[in-house]
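First up is the structure itself, then whatever we jot down about it.
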Amino acid sequence: MPEPQELRFSVDGAGEVSALLVNPRNARWLLGLAHGAGAGMAHPFMENLSDELAAVGVATFRYQFPYMEQRRHIPDSPAVLTRTVAAAVQAATQAAPGLPLLAGGKSMGGRMASQAAAQNLLDGVRGLVFFGFPLHPPNRPGTKRADHLAKVPQPMLFLQGTRDTLADLELLRPICAKLVPRATLHIIESADHSFHVLKSSKRTDAEVLRELAETAASWAERLASAVNREY
């Protein structure tokens, strides 16, 4: 895998934050990849996911939200978080020009990308990828966090585990069904919110990470094919 390139970019009203670009030679896509609420861009899940994505031709632009950059424990306001996603998209485009762009992230990072998209802040982004969309707080089922998804213009890929306590699939499935053809739901059997799987599944976490990356890459290629057919 290529060595990550360390970068920085500015977020309006929130200072500078760090980013890591992993850009393999065979890259066909670039994914702006935001971290979850409790861990930053250097978390092993984020690093390993970036490596798996690179192996299937998806470059990644991982980045910090300001609160994580400043080592604060409480996430920034939604306005700052969505501005960060928008700034990251612009910085990613400059860092790896010429690659078609996706945005998304793990848990909260993906949700903030969807909110930025719903506010039309992500010009040029072809699609959104959610690695564990946090539909509701742990074990408190609800759908309010999905209300904005109807305003998202881009295609969306939801990658969800069957044991995810932040996304009751009985609630998420009908939401995605209403958003078809813009929404695609891919379910990982026995995976939790962190995509850890039970030993009884006879799978490893590494195999699940590979499935996440391969699914995202295949979905992105279908997006490209659909665009080509339109023209």
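Please note that chains go A, B, ... in the order of the structure tokens, that every chain numbers its residues from 1, and that ligands are numbered from 1 in the order shown.
Near A:Val56, within a cut-off of 8 Å and counting only C-alpha atoms, sit the residues A:Ala27, A:Ala213, A:Glu214, A:Ala217, with same-chain residues fewer than 5 positions away left out.
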May I have the residues within 10 Å of stretch 143-153 of chain A as a count of residues only, using only C-alpha atoms and disregarding those fewer than 5 positions away in the same chain? 29
Restricting to only C-alpha atoms, whichever of A:Tyr67, A:Phe61, A:Trp219, A:Phe45 is closest to A:Gln90 is A:Phe61
Return the single residue from A:Pro174, A:Pro66, A:Gly40, A:Gly104 that is closest to A:Val17, with distances computed using only C-alpha atoms.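 Counting only C-alpha atoms, the residue closest to A:Val17 is A:Pro66.
What separates atom CA of A:Arg222 from atom CA of A:Gln154 is a distance of 13.6 Å.
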